[in-house]
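J.: Quick one, target_2.txt (compact mmCIF, N, CA and C atoms):
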# COMPACT_ATOMS: atom_id res chain seq x y z
N MET A 1 141.89 -93.32 95.13
CA MET A 1 141.29 -94.63 94.95
C MET A 1 139.81 -94.55 95.34
N LEU A 2 139.01 -95.28 94.62
CA LEU A 2 137.57 -95.32 94.88
C LEU A 2 137.28 -96.01 96.20
N ASP A 3 136.52 -95.36 97.06
CA ASP A 3 136.04 -95.97 98.30
C ASP A 3 134.73 -96.68 97.96
N SER A 4 134.76 -98.00 97.85
CA SER A 4 133.60 -98.76 97.39
C SER A 4 132.39 -98.62 98.31
N THR A 5 132.59 -98.22 99.57
CA THR A 5 131.45 -98.04 100.47
C THR A 5 130.65 -96.79 100.12
N ARG A 6 131.24 -95.91 99.29
CA ARG A 6 130.58 -94.66 98.91
C ARG A 6 129.77 -94.76 97.60
N VAL A 7 129.82 -95.91 96.93
CA VAL A 7 129.04 -96.10 95.71
C VAL A 7 127.56 -96.13 96.08
N ILE A 8 126.74 -95.40 95.34
CA ILE A 8 125.31 -95.29 95.67
C ILE A 8 124.61 -96.62 95.45
N ASN A 9 123.85 -97.03 96.46
CA ASN A 9 123.08 -98.27 96.44
C ASN A 9 121.64 -97.95 96.06
N GLY A 10 121.15 -98.57 94.98
CA GLY A 10 119.80 -98.33 94.50
C GLY A 10 118.71 -98.77 95.46
N LYS A 11 119.04 -99.55 96.48
CA LYS A 11 118.01 -99.95 97.46
C LYS A 11 117.44 -98.77 98.22
N PHE A 12 118.13 -97.64 98.15
CA PHE A 12 117.66 -96.45 98.86
C PHE A 12 116.89 -95.50 97.94
N GLY A 13 116.44 -96.02 96.79
CA GLY A 13 115.64 -95.23 95.87
C GLY A 13 114.17 -95.26 96.27
N GLU A 14 113.49 -94.14 96.06
CA GLU A 14 112.05 -94.04 96.35
C GLU A 14 111.37 -93.30 95.21
N ILE A 15 110.09 -93.63 95.00
CA ILE A 15 109.27 -92.95 94.00
C ILE A 15 108.01 -92.47 94.71
N TRP A 16 107.69 -91.19 94.51
CA TRP A 16 106.51 -90.56 95.11
C TRP A 16 105.62 -90.03 94.00
N LYS A 17 104.31 -90.25 94.10
CA LYS A 17 103.34 -89.71 93.14
C LYS A 17 102.43 -88.75 93.87
N ASP A 18 102.44 -87.50 93.45
CA ASP A 18 101.60 -86.47 94.06
C ASP A 18 101.68 -86.50 95.59
N GLY A 19 102.92 -86.62 96.11
CA GLY A 19 103.15 -86.57 97.56
C GLY A 19 102.95 -87.87 98.30
N ARG A 20 102.63 -88.96 97.61
CA ARG A 20 102.41 -90.26 98.26
C ARG A 20 103.48 -91.25 97.81
N TRP A 21 104.15 -91.88 98.77
CA TRP A 21 105.21 -92.83 98.48
C TRP A 21 104.63 -94.09 97.84
N LEU A 22 105.13 -94.44 96.67
CA LEU A 22 104.74 -95.68 95.99
C LEU A 22 105.74 -96.76 96.39
N SER A 23 105.55 -97.30 97.58
CA SER A 23 106.53 -98.23 98.15
C SER A 23 106.67 -99.52 97.37
N ASN A 24 105.70 -99.85 96.52
CA ASN A 24 105.77 -101.08 95.73
C ASN A 24 106.62 -100.93 94.47
N PHE A 25 106.99 -99.70 94.12
CA PHE A 25 107.82 -99.50 92.93
C PHE A 25 109.29 -99.52 93.32
N HIS A 26 110.06 -100.35 92.61
CA HIS A 26 111.48 -100.53 92.96
C HIS A 26 112.44 -100.10 91.87
N THR A 27 111.92 -99.65 90.73
CA THR A 27 112.79 -99.23 89.64
C THR A 27 112.26 -97.92 89.07
N GLY A 28 113.15 -96.96 88.90
CA GLY A 28 112.74 -95.69 88.31
C GLY A 28 113.84 -95.14 87.42
N GLU A 29 113.42 -94.53 86.32
CA GLU A 29 114.38 -93.91 85.41
C GLU A 29 113.71 -92.71 84.75
N ALA A 30 114.41 -91.62 84.67
CA ALA A 30 113.94 -90.44 83.96
C ALA A 30 115.09 -89.92 83.11
N THR A 31 114.82 -89.66 81.84
CA THR A 31 115.85 -89.19 80.94
C THR A 31 115.37 -87.96 80.17
N ALA A 32 116.31 -87.23 79.63
CA ALA A 32 116.03 -86.09 78.77
C ALA A 32 116.86 -86.27 77.50
N ASP A 33 116.19 -86.48 76.39
CA ASP A 33 116.87 -86.64 75.10
C ASP A 33 116.94 -85.29 74.41
N ILE A 34 118.15 -84.83 74.14
CA ILE A 34 118.34 -83.55 73.47
C ILE A 34 118.29 -83.80 71.97
N GLN A 35 117.44 -83.05 71.27
CA GLN A 35 117.27 -83.19 69.83
C GLN A 35 118.08 -82.11 69.12
N TYR A 36 118.77 -82.52 68.08
CA TYR A 36 119.65 -81.62 67.33
C TYR A 36 119.25 -81.61 65.85
N GLU A 37 119.52 -80.50 65.21
CA GLU A 37 119.42 -80.41 63.75
C GLU A 37 120.81 -80.12 63.22
N LYS A 38 121.11 -80.70 62.07
CA LYS A 38 122.40 -80.47 61.42
C LYS A 38 122.44 -79.05 60.85
N VAL A 39 123.59 -78.43 60.97
CA VAL A 39 123.81 -77.09 60.42
C VAL A 39 124.96 -77.18 59.43
N LYS A 40 124.65 -76.90 58.16
CA LYS A 40 125.69 -76.94 57.12
C LYS A 40 126.55 -75.69 57.27
N ARG A 41 127.86 -75.91 57.22
CA ARG A 41 128.79 -74.79 57.39
C ARG A 41 129.64 -74.65 56.14
N SER A 42 129.58 -73.47 55.56
CA SER A 42 130.35 -73.18 54.34
C SER A 42 131.85 -73.29 54.62
N GLY A 43 132.54 -73.94 53.71
CA GLY A 43 133.99 -74.06 53.85
C GLY A 43 134.43 -75.09 54.87
N ASN A 44 133.52 -75.94 55.31
CA ASN A 44 133.84 -76.93 56.34
C ASN A 44 133.15 -78.24 55.98
N ARG A 45 133.88 -79.35 55.98
CA ARG A 45 133.28 -80.65 55.69
C ARG A 45 132.35 -81.12 56.80
N ALA A 46 132.64 -80.69 57.99
CA ALA A 46 131.85 -81.16 59.14
C ALA A 46 130.64 -80.27 59.37
N ASP A 47 129.48 -80.89 59.51
CA ASP A 47 128.28 -80.15 59.88
C ASP A 47 128.33 -79.82 61.36
N GLY A 48 127.71 -78.72 61.72
CA GLY A 48 127.53 -78.39 63.13
C GLY A 48 126.22 -78.98 63.63
N ASN A 49 125.96 -78.81 64.90
CA ASN A 49 124.72 -79.31 65.50
C ASN A 49 124.09 -78.21 66.34
N LYS A 50 122.82 -77.97 66.08
CA LYS A 50 122.07 -76.95 66.81
C LYS A 50 121.00 -77.65 67.66
N PRO A 51 121.05 -77.47 69.00
CA PRO A 51 119.99 -78.06 69.81
C PRO A 51 118.66 -77.35 69.52
N VAL A 52 117.62 -78.14 69.24
CA VAL A 52 116.33 -77.57 68.87
C VAL A 52 115.18 -78.04 69.76
N GLY A 53 115.42 -78.99 70.63
CA GLY A 53 114.34 -79.48 71.48
C GLY A 53 114.83 -80.48 72.51
N ILE A 54 113.96 -80.76 73.44
CA ILE A 54 114.24 -81.76 74.48
C ILE A 54 113.00 -82.63 74.63
N GLU A 55 113.20 -83.92 74.70
CA GLU A 55 112.10 -84.85 74.95
C GLU A 55 112.37 -85.56 76.27
N TYR A 56 111.46 -85.38 77.21
CA TYR A 56 111.57 -86.00 78.53
C TYR A 56 110.76 -87.29 78.54
N ASN A 57 111.37 -88.38 79.01
CA ASN A 57 110.62 -89.63 79.17
C ASN A 57 111.22 -90.44 80.29
N GLY A 58 110.48 -91.42 80.74
CA GLY A 58 110.95 -92.25 81.84
C GLY A 58 110.12 -93.51 81.99
N ASN A 59 110.38 -94.19 83.08
CA ASN A 59 109.74 -95.47 83.33
C ASN A 59 109.83 -95.78 84.82
N ILE A 60 108.75 -96.29 85.38
CA ILE A 60 108.80 -96.84 86.73
C ILE A 60 108.26 -98.26 86.66
N SER A 61 108.75 -99.12 87.53
CA SER A 61 108.24 -100.49 87.57
C SER A 61 108.31 -101.01 88.99
N GLY A 62 107.44 -101.97 89.24
CA GLY A 62 107.39 -102.55 90.57
C GLY A 62 106.30 -103.59 90.67
N TYR A 63 105.98 -103.96 91.89
CA TYR A 63 104.98 -104.99 92.15
C TYR A 63 103.57 -104.42 92.07
N LYS A 64 102.65 -105.21 91.52
CA LYS A 64 101.25 -104.80 91.47
C LYS A 64 100.64 -105.04 92.85
N ILE A 65 100.11 -103.99 93.44
CA ILE A 65 99.45 -104.06 94.75
C ILE A 65 97.95 -103.80 94.59
N THR A 66 97.63 -102.76 93.82
CA THR A 66 96.24 -102.39 93.55
C THR A 66 96.10 -102.03 92.07
N SER A 67 94.88 -101.71 91.68
CA SER A 67 94.61 -101.23 90.32
C SER A 67 94.47 -99.72 90.29
N GLU A 68 94.84 -99.04 91.36
CA GLU A 68 94.62 -97.60 91.48
C GLU A 68 95.27 -96.83 90.33
N LEU A 69 96.54 -97.06 90.05
CA LEU A 69 97.22 -96.31 88.99
C LEU A 69 96.61 -96.63 87.63
N ALA A 70 96.29 -97.89 87.38
CA ALA A 70 95.66 -98.26 86.11
C ALA A 70 94.33 -97.54 85.93
N ARG A 71 93.54 -97.45 86.97
CA ARG A 71 92.25 -96.77 86.88
C ARG A 71 92.43 -95.27 86.65
N GLU A 72 93.44 -94.68 87.30
CA GLU A 72 93.69 -93.25 87.10
C GLU A 72 94.12 -92.98 85.65
N VAL A 73 95.07 -93.74 85.16
CA VAL A 73 95.58 -93.52 83.81
C VAL A 73 94.50 -93.84 82.77
N ALA A 74 93.64 -94.81 83.07
CA ALA A 74 92.60 -95.24 82.13
C ALA A 74 91.48 -94.21 81.96
N GLN A 75 91.53 -93.11 82.70
CA GLN A 75 90.50 -92.08 82.49
C GLN A 75 90.54 -91.57 81.05
N ILE A 76 91.65 -91.76 80.36
CA ILE A 76 91.78 -91.35 78.96
C ILE A 76 90.81 -92.13 78.06
N PHE A 77 90.34 -93.31 78.52
CA PHE A 77 89.39 -94.11 77.74
C PHE A 77 88.04 -93.41 77.62
N ASP A 78 87.73 -92.55 78.56
CA ASP A 78 86.47 -91.81 78.57
C ASP A 78 86.66 -90.56 77.71
N ASN A 79 85.95 -90.49 76.60
CA ASN A 79 86.12 -89.39 75.65
C ASN A 79 85.78 -88.02 76.23
N SER A 80 85.09 -87.99 77.36
CA SER A 80 84.74 -86.70 77.96
C SER A 80 85.80 -86.22 78.95
N ARG A 81 86.84 -87.00 79.16
CA ARG A 81 87.90 -86.63 80.10
C ARG A 81 89.23 -86.56 79.37
N GLY A 82 90.16 -85.85 79.94
CA GLY A 82 91.49 -85.75 79.35
C GLY A 82 92.42 -86.79 79.92
N ALA A 83 93.68 -86.63 79.61
CA ALA A 83 94.72 -87.54 80.11
C ALA A 83 94.94 -87.32 81.60
N PHE A 84 95.33 -88.37 82.28
CA PHE A 84 95.73 -88.29 83.69
C PHE A 84 97.12 -87.66 83.74
N VAL A 85 97.26 -86.61 84.54
CA VAL A 85 98.53 -85.90 84.68
C VAL A 85 98.87 -85.84 86.16
N CYS A 86 100.12 -86.17 86.51
CA CYS A 86 100.54 -86.14 87.90
C CYS A 86 101.97 -85.62 87.99
N GLU A 87 102.48 -85.63 89.19
CA GLU A 87 103.86 -85.24 89.45
C GLU A 87 104.54 -86.42 90.15
N LEU A 88 105.75 -86.75 89.71
CA LEU A 88 106.54 -87.79 90.37
C LEU A 88 107.77 -87.15 91.00
N VAL A 89 108.14 -87.63 92.17
CA VAL A 89 109.40 -87.26 92.79
C VAL A 89 110.20 -88.55 92.94
N MET A 90 111.41 -88.55 92.42
CA MET A 90 112.31 -89.69 92.57
C MET A 90 113.43 -89.27 93.50
N LYS A 91 113.75 -90.15 94.42
CA LYS A 91 114.74 -89.84 95.45
C LYS A 91 115.72 -91.00 95.56
N LEU A 92 117.00 -90.67 95.65
CA LEU A 92 118.05 -91.67 95.85
C LEU A 92 118.92 -91.15 96.97
N ASP A 93 118.90 -91.82 98.11
CA ASP A 93 119.51 -91.25 99.32
C ASP A 93 120.19 -92.34 100.16
N ASP A 94 121.26 -92.90 99.63
CA ASP A 94 122.05 -93.89 100.36
C ASP A 94 122.83 -93.17 101.47
N PRO A 95 122.65 -93.54 102.73
CA PRO A 95 123.31 -92.82 103.82
C PRO A 95 124.84 -92.94 103.82
N GLU A 96 125.41 -93.93 103.14
CA GLU A 96 126.86 -94.10 103.10
C GLU A 96 127.51 -93.38 101.92
N ALA A 97 126.70 -92.99 100.92
CA ALA A 97 127.27 -92.44 99.69
C ALA A 97 127.52 -90.95 99.82
N TYR A 98 128.36 -90.43 98.95
CA TYR A 98 128.61 -88.99 98.89
C TYR A 98 127.45 -88.28 98.19
N GLY A 99 126.90 -88.92 97.17
CA GLY A 99 125.87 -88.28 96.37
C GLY A 99 124.47 -88.64 96.82
N HIS A 100 123.62 -87.64 96.90
CA HIS A 100 122.20 -87.82 97.20
C HIS A 100 121.44 -86.97 96.20
N GLU A 101 120.35 -87.47 95.67
CA GLU A 101 119.60 -86.67 94.74
C GLU A 101 118.11 -86.87 94.90
N ARG A 102 117.38 -85.83 94.50
CA ARG A 102 115.93 -85.86 94.52
C ARG A 102 115.47 -84.95 93.40
N VAL A 103 114.61 -85.47 92.52
CA VAL A 103 114.11 -84.69 91.39
C VAL A 103 112.59 -84.74 91.34
N ARG A 104 112.01 -83.63 90.91
CA ARG A 104 110.57 -83.54 90.67
C ARG A 104 110.34 -83.57 89.17
N LEU A 105 109.52 -84.51 88.72
CA LEU A 105 109.15 -84.61 87.31
C LEU A 105 107.76 -84.01 87.17
N LYS A 106 107.66 -82.94 86.38
CA LYS A 106 106.41 -82.19 86.25
C LYS A 106 105.64 -82.63 85.02
N GLY A 107 104.31 -82.60 85.13
CA GLY A 107 103.45 -82.90 84.00
C GLY A 107 103.58 -84.32 83.48
N VAL A 108 103.67 -85.30 84.39
CA VAL A 108 103.85 -86.70 84.00
C VAL A 108 102.56 -87.24 83.37
N GLN A 109 102.71 -87.87 82.19
CA GLN A 109 101.60 -88.55 81.53
C GLN A 109 102.08 -89.94 81.13
N PHE A 110 101.41 -90.96 81.61
CA PHE A 110 101.78 -92.34 81.31
C PHE A 110 101.35 -92.68 79.89
N THR A 111 102.17 -93.48 79.19
CA THR A 111 101.95 -93.76 77.78
C THR A 111 101.30 -95.11 77.50
N LYS A 112 101.01 -95.87 78.55
CA LYS A 112 100.27 -97.13 78.36
C LYS A 112 99.52 -97.43 79.65
N VAL A 113 98.50 -98.26 79.53
CA VAL A 113 97.71 -98.69 80.68
C VAL A 113 97.86 -100.19 80.82
N ASN A 114 98.27 -100.62 82.02
CA ASN A 114 98.34 -102.05 82.30
C ASN A 114 96.94 -102.53 82.70
N VAL A 115 96.21 -103.07 81.74
CA VAL A 115 94.84 -103.51 82.01
C VAL A 115 94.85 -104.81 82.80
N MET A 116 95.64 -105.79 82.37
CA MET A 116 95.72 -107.07 83.09
C MET A 116 97.00 -107.77 82.68
N LYS A 117 97.69 -108.34 83.66
CA LYS A 117 98.91 -109.09 83.38
C LYS A 117 99.17 -110.00 84.58
N PHE A 118 99.45 -111.28 84.33
CA PHE A 118 99.84 -112.19 85.39
C PHE A 118 100.47 -113.44 84.79
N GLU A 119 101.20 -114.15 85.63
CA GLU A 119 101.78 -115.43 85.26
C GLU A 119 101.65 -116.34 86.48
N HIS A 120 101.10 -117.51 86.27
CA HIS A 120 100.89 -118.45 87.36
C HIS A 120 102.20 -118.73 88.09
N GLY A 121 102.17 -118.65 89.41
CA GLY A 121 103.33 -118.95 90.23
C GLY A 121 104.34 -117.82 90.36
N SER A 122 104.03 -116.65 89.81
CA SER A 122 104.97 -115.53 89.86
C SER A 122 104.32 -114.30 90.49
N LEU A 123 105.15 -113.49 91.13
CA LEU A 123 104.68 -112.20 91.61
C LEU A 123 104.38 -111.32 90.40
N VAL A 124 103.33 -110.54 90.49
CA VAL A 124 102.94 -109.69 89.37
C VAL A 124 103.70 -108.37 89.46
N GLU A 125 104.43 -108.05 88.39
CA GLU A 125 105.14 -106.78 88.29
C GLU A 125 104.57 -106.00 87.13
N GLU A 126 104.65 -104.67 87.25
CA GLU A 126 104.15 -103.79 86.21
C GLU A 126 105.22 -102.79 85.81
N GLU A 127 105.15 -102.37 84.55
CA GLU A 127 106.05 -101.34 84.04
C GLU A 127 105.19 -100.21 83.51
N TRP A 128 105.54 -98.97 83.88
CA TRP A 128 104.76 -97.80 83.52
C TRP A 128 105.65 -96.76 82.83
N PRO A 129 105.75 -96.79 81.48
CA PRO A 129 106.49 -95.75 80.77
C PRO A 129 105.71 -94.44 80.78
N PHE A 130 106.43 -93.33 80.75
CA PHE A 130 105.76 -92.03 80.79
C PHE A 130 106.57 -90.96 80.07
N LEU A 131 105.88 -89.87 79.79
CA LEU A 131 106.49 -88.63 79.30
C LEU A 131 106.29 -87.59 80.38
N TYR A 132 107.14 -86.56 80.40
CA TYR A 132 106.94 -85.48 81.35
C TYR A 132 107.39 -84.17 80.74
N ASP A 133 106.99 -83.06 81.37
CA ASP A 133 107.20 -81.74 80.78
C ASP A 133 108.47 -81.05 81.25
N GLY A 134 109.01 -81.43 82.39
CA GLY A 134 110.20 -80.76 82.89
C GLY A 134 110.65 -81.36 84.20
N VAL A 135 111.81 -80.91 84.67
CA VAL A 135 112.41 -81.47 85.87
C VAL A 135 112.95 -80.35 86.75
N ASP A 136 112.81 -80.52 88.05
CA ASP A 136 113.43 -79.65 89.06
C ASP A 136 114.31 -80.51 89.94
N TRP A 137 115.58 -80.12 90.12
CA TRP A 137 116.42 -80.78 91.10
C TRP A 137 116.07 -80.18 92.46
N LEU A 138 115.78 -81.03 93.42
CA LEU A 138 115.35 -80.59 94.74
C LEU A 138 116.43 -80.82 95.77
N ASP A 139 116.32 -80.13 96.87
CA ASP A 139 117.24 -80.33 98.01
C ASP A 139 116.99 -81.73 98.57
N PRO A 140 118.00 -82.60 98.58
CA PRO A 140 117.79 -83.99 99.03
C PRO A 140 117.57 -84.14 100.53
N ILE A 141 117.84 -83.11 101.30
CA ILE A 141 117.76 -83.23 102.76
C ILE A 141 116.32 -83.17 103.25
N THR A 142 115.48 -82.34 102.62
CA THR A 142 114.11 -82.18 103.09
C THR A 142 113.26 -83.38 102.70
N ALA A 143 112.09 -83.48 103.31
CA ALA A 143 111.16 -84.57 103.01
C ALA A 143 110.71 -84.45 101.56
N ASN A 144 110.04 -85.52 101.06
CA ASN A 144 109.65 -85.58 99.65
C ASN A 144 109.02 -84.29 99.22
Would you encode the structure as structure tokens?
T.:
Amino acid sequence: MLDSTRVINGKFGEIWKDGRWLSNFHTGEATADIQYEKVKRSGNRADGNKPVGIEYNGNISGYKITSELAREVAQIFDNSRGAFVCELVMKLDDPEAYGHERVRLKGVQFTKVNVMKFEHGSLVEEEWPFLYDGVDWLDPITAN
């Protein structure tokens, strides 16, 4: 039977950018989409599938505290500079759960810049979609 106290609680999630905890971000997701090509097989009605690539993407969101990330990502607006590239570490470490995880996302490039957004009477939240080049599963016990 499932011990409900062992279900991982997302409140223990953390997001780190280049070694600095982004305490204002409360939502993180990183996925890897496997791309396949159909393979026609003689004498068989069913096509096979050959993995041919992987596309890594993700999203972080949270409360707007400063414009620091927007200014960093906006360096792409300057034609003499390249894209802003960083590393993200996502950590989920509920002390009551059986599972703990920590992953390093390498070569992170954000795909949009939040220039300005607000709504009267509401806390300002931002969403930052991104692409990345690869992932390393890290030992969850050590520091970020």
J.: Compare A:Trp137, A:Asp78, A:Leu123, A:Lys117 by their minimum atom-to-atom distance to Arg104 of chain A, counting all atoms listed in the file, and give me the closest one.
T.: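 Smallest separation from Arg104 of chain A among the options: A:Trp137.
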J.: One number please: atom C of Val113 of chain A to atom CA of Pro129 of chain A, in Å, one decimal.
T.: 9.7 Å
J.: Just to confirm, what's the straight-line distance from atom CA of Leu138 of chain A to atom CA of Thr66 of chain A in Å (one decimal)?
T.: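 Between atom CA of Leu138 of chain A and atom CA of Thr66 of chain A the gap works out to 29.0 Å.
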J.: Residues near Gly10 of chain A, anyone? I mean within 8 Å using only N, CA and C atoms, not counting same-chain ones fewer than 5 positions away, as a PyMOL selection string.
T.: chain A and resi 26+92-94
J.: Give me the residues near Leu131 of chain A as a count of residues only, where near means some atom within 12 Å (using only C-alpha atoms) and where sequence neighbours in that chain fewer than 4 positions away do not count.
T.: 27
J.: Which value, in Å to one decimal, gives the distance between atom C of Lys11 of chain A and atom N of Val115 of chain A?
T.: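 Separating atom C of Lys11 of chain A from atom N of Val115 of chain A is a distance of 27.2 Å.
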J.: Can you sort out the box for segment 134-140 of chain A, edges along x, y and z, all listed atoms in, 3 Å on every side, with centre and edge lengths in Å to one decimal, as lines of an AutoDock Vina configuration file?
T.:
center_x = 113.5
center_y = -81.9
center_z = 91.5
size_x = 15.0
size_y = 10.5
size_z = 24.1
J.: Smallest atom-to-atom distance to Ser61 of chain A: which of A:Phe77, A:Phe25, A:Phe118, A:Phe12, using only N, CA and C atoms?
T.: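 Ranked by minimum distance to Ser61 of chain A, first place goes to A:Phe25.
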J.: Any idea what's packed within 6 Å of Glu125 of chain A, counting all atoms listed in the file, ignoring anything in its chain fewer than 5 positions away? Could you give it as a list in words?
T.: Gly62, Tyr63 and Lys64 of chain A
J.: Have a look at A:Val52, A:Val89, A:Val103, A:Ile34 and name the one nearest to Gly19 of chain A; count only C-alpha atoms.
T.: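 Distance minimum relative to Gly19 of chain A lands on A:Val89.
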J.: My list of candidates is A:Gly121, A:Lys17, A:Asn114, A:Gly48. Which is closest to Val73 of chain A when distances are computed with all atoms listed in the file?
T.: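 Among the listed residues, the smallest separation from Val73 of chain A belongs to A:Asn114.
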J.: Would you return as a PyMOL selection string the members of segment 12-134 of chain A that DSSP assigns to strand (DSSP E) on this structure's backbone?
T.: chain A and resi 13-17+20-21+25-39+48-63+86-92+101-110+125-132+134
J.: Would you list, as an MDAnalysis selection string, the residues of segment 11-127 of chain A that end up in alpha helix (DSSP H) under DSSP run on this structure's backbone?
T.: chainID A and resid 68:73
J.: Applying 8 Å and all atoms listed in the file, which residues near Val39 of chain A remain after dropping the ones on its own chain fewer than 5 positions away? List them as a list in words.
T.: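 Near neighbours after the sequence-gap exclusion: Ala46, Asp47, Gly48, Asn49 and Lys50 of chain A.
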J.: Here is a test: counting only C-alpha atoms, which residue of A:Glu37, A:Ala70, A:Ser4, A:Gly53 is nearest to Trp128 of chain A?
T.: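 Looking only at the distances to Trp128 of chain A, the closest residue turns out to be A:Ala70.
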